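J.: Take a look at this one; I'll ask things after.
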Amino acid sequence: MQDLLGSLAQSGMSRSSGARLRNSLGGGGLLDSLSGMLGGGSGESFQGSGQPGGLGGMLGGASGRTSQGGGMGGALGNILNEAGRLVGGNQNLAIGGLGALAGALMGSRRGLGGALRGGLGGGVMAVLGAMAFQALKARAGQSARVPLGLASPKTEEEQAELERNSELVLKAMINAAKADGQIDDDEIRRILGQVEKSGADPEAREFLRAEMQKPMETEALVAAARGKPELAAQLYGASLLAIEVDTPAEKEYLEKLAAALGLEPEVTQRIHQTVGLQ
């Protein structure tokens with residue numbers, strides 16, 4: 001499922017998907033630094049333990065060259081360091097996936113193989129996890145938890161849960177794309193064509209086609225995230241990556257989705273700012 005999520009992220013659900021991912025990673029010089037320092041798609045994990053100032057110190061030099069959007073920008077290093085402390089060190093974060101995603105967004109990878117597509121899918125889950133962590137950690141009276149995806153799975157059970165969450169993220173993106181009507185045949189062909197170019201196999205493409213042709217399943221997505229605010233925030237963030245939010249139907253869908261997921265307005269506002277939507 002992470003392979004398919006990586007392929008979908010590479011193809012772009014909407015014309016703004018890439019820009020919103022770049023904003024979420026900080027954009028500009030910080031994105032370039034992530035691509036170079038974190039493996040640029042190699043899938044290698046950054047250990048960080050021997051670096052002065054930790055990961056935040058390494059990324060701090062790029063913090064003044066971030067995107068013009070409202071993303072995490074130079075704060076990303078601080079977010080990762082804070083999350084790393086909560087999970088016992090940066091080596092327990094999915095840093096390699098962020099590097100793979102940054103490398104792809106910088107245009108440094110073409111004709112991606114399955115392993116790297118999985119790295120991209122892991123990068124999408126990591127950036128959504130960072131987005132959720134940032135948006136939720138300031139809530140009064142509630143402790144911050146590092147979402148699975150940003151935190152690397154440590155057990156087979158956590159790996160299975162991450163795979164399930166990746167499928168929910170994929171479905172949330174597709175569901176959002178249906179907000180102003182069905183995904184038409186031309187758009188389905190465009191997305192499937194792009195996914196095929198990224199190397200997705202026929203079985204994965206048929207799964208994606210079937211999902212795009214299904215009726216909307218908002219209630220099922222909401223039920224899956226009930227009692228899981230971190231997952232709820234990730235699903236909302238994924239929805240923002242999939243649509244332009246330039247029609248009344250899309251705006252109404254996001255408002256109803258946020259309410260159903262139990263996300264407070266200040267949480268969704270932070271997520272909007274992270275992807276560059278004001």
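Residues are referred to by chain and number: the chain letter is A, B, ... according to the order shown in the structure tokens, the number counts from 1 in that chain, and ligands are numbered separately from 1 in the order shown.
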Give me, as a CSV table (one decimal) with C-alpha atoms, in the first residue's frame, all polymer residues having an atom no more than 12 Å from Glu206 (chain A), counting only C-alpha atoms and skipping those fewer than 6 positions away in the same chain.
T.:
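The result, written out as selection00.csv:
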```csv
chain,number,residue,atom,x,y,z
A,4,LEU,CA,0.9,2.7,-4.3
A,188,ILE,CA,-9.0,8.5,-14.0
A,189,ARG,CA,-7.0,7.9,-17.1
A,191,ILE,CA,-4.0,9.5,-12.8
A,192,LEU,CA,-3.6,5.9,-13.8
A,193,GLY,CA,-1.3,6.8,-16.6
A,195,VAL,CA,0.9,6.0,-11.7
A,196,GLU,CA,1.8,3.5,-14.4
A,200,ALA,CA,2.9,0.6,-10.3
A,212,MET,CA,-11.8,6.1,-7.8
A,213,GLN,CA,-15.0,4.6,-9.2
```
J.: May I ask for the distance between CA of Glu255 (chain A) and CA of Ile271 (chain A), given in Å to one decimal place?
T.: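 Taking CA of Glu255 (chain A) and CA of Ile271 (chain A), their separation equals 13.1 Å.
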J.: In terms of the shortest atom-to-atom distance over only C-alpha atoms, which of A:Met1, A:Ala130, A:Met216, A:Ile95 is closest to Ala160 (chain A)?
T.: A:Met1
J.: Write out as a list of chain:residue names the residues lying within 10 Å of Ser17 (chain A), counting only C-alpha atoms and excluding same-chain residues fewer than 2 positions away.
T.: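 That gives A:Ala9, A:Gln10, A:Ser11, A:Gly12, A:Met13, A:Ser14, A:Arg15, A:Ala19, A:Arg20, A:Leu21, A:Arg22, A:Asn23, A:Ala238, A:Leu240, A:Leu241, A:Ala242, A:Ile243, A:Glu244, A:Val275.
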J.: Give me the residues near Gly122 (chain A) as JSON, numbers by chain, where near means some atom within 12 Å (using only C-alpha atoms) and where sequence neighbours in that chain fewer than 2 positions away do not count.
T.: {"A": [1, 2, 3, 4, 5, 6, 7, 9, 41, 43, 45, 93, 94, 95, 96, 97, 98, 99, 100, 101, 102, 115, 116, 117, 118, 119, 120, 124, 125, 126, 127, 128, 129, 148, 149, 150, 151, 152, 153, 159, 162, 163, 165, 166, 167, 169]}
J.: Here is a test: counting only C-alpha atoms, which residue of A:Gly88, A:Pro248, A:Pro229, A:Gly103 is nearest to Glu264 (chain A)?
T.: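 Ranked by minimum distance to Glu264 (chain A), first place goes to A:Pro229.
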J.: Can you pull out every residue within 10 Å of Glu82 (chain A), counting only C-alpha atoms, but drop anything in the same chain fewer than 3 positions away, and send it as a short mmCIF file (atom, residue, chain, number, x, y, z; two decimals) with N, CA and C atoms, in the first residue's frame?
T.:
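Output contents, as saved in selection.cif:
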```cif
data_model
loop_
_atom_site.label_atom_id
_atom_site.label_comp_id
_atom_site.auth_asym_id
_atom_site.auth_seq_id
_atom_site.Cartn_x
_atom_site.Cartn_y
_atom_site.Cartn_z
N LEU A 55 19.23 17.16 14.78
CA LEU A 55 18.69 17.38 13.44
C LEU A 55 18.28 18.82 13.23
N GLY A 56 17.73 19.44 14.28
CA GLY A 56 17.35 20.85 14.15
C GLY A 56 18.55 21.72 13.83
N LEU A 76 10.78 22.83 10.81
CA LEU A 76 10.71 21.40 10.64
C LEU A 76 11.77 20.68 11.46
N GLY A 77 12.99 21.20 11.46
CA GLY A 77 14.04 20.58 12.25
C GLY A 77 13.68 20.53 13.72
N ASN A 78 13.10 21.60 14.24
CA ASN A 78 12.69 21.63 15.65
C ASN A 78 11.57 20.62 15.91
N ILE A 79 10.64 20.51 14.96
CA ILE A 79 9.55 19.56 15.12
C ILE A 79 10.09 18.14 15.17
N ARG A 85 12.82 13.30 20.57
CA ARG A 85 12.98 13.16 22.03
C ARG A 85 11.87 12.30 22.62
N LEU A 86 10.66 12.43 22.08
CA LEU A 86 9.53 11.68 22.62
C LEU A 86 9.59 10.19 22.28
N VAL A 87 10.29 9.85 21.20
CA VAL A 87 10.35 8.43 20.79
C VAL A 87 11.72 7.83 21.04
N GLY A 89 14.86 9.27 20.40
CA GLY A 89 15.94 9.64 19.50
C GLY A 89 15.50 9.74 18.06
N ASN A 90 16.20 10.61 17.29
CA ASN A 90 15.84 10.81 15.88
C ASN A 90 15.95 9.53 15.07
N PHE A 133 1.45 16.17 14.17
CA PHE A 133 2.14 16.43 15.43
C PHE A 133 2.20 17.92 15.70
N GLN A 134 2.56 18.69 14.69
CA GLN A 134 2.64 20.14 14.86
C GLN A 134 1.28 20.74 15.18
N ALA A 144 1.39 15.61 23.82
CA ALA A 144 1.68 15.37 22.42
C ALA A 144 2.11 13.93 22.23
N VAL A 146 3.57 11.23 19.12
CA VAL A 146 4.15 11.22 17.77
C VAL A 146 3.39 10.20 16.94
#
```
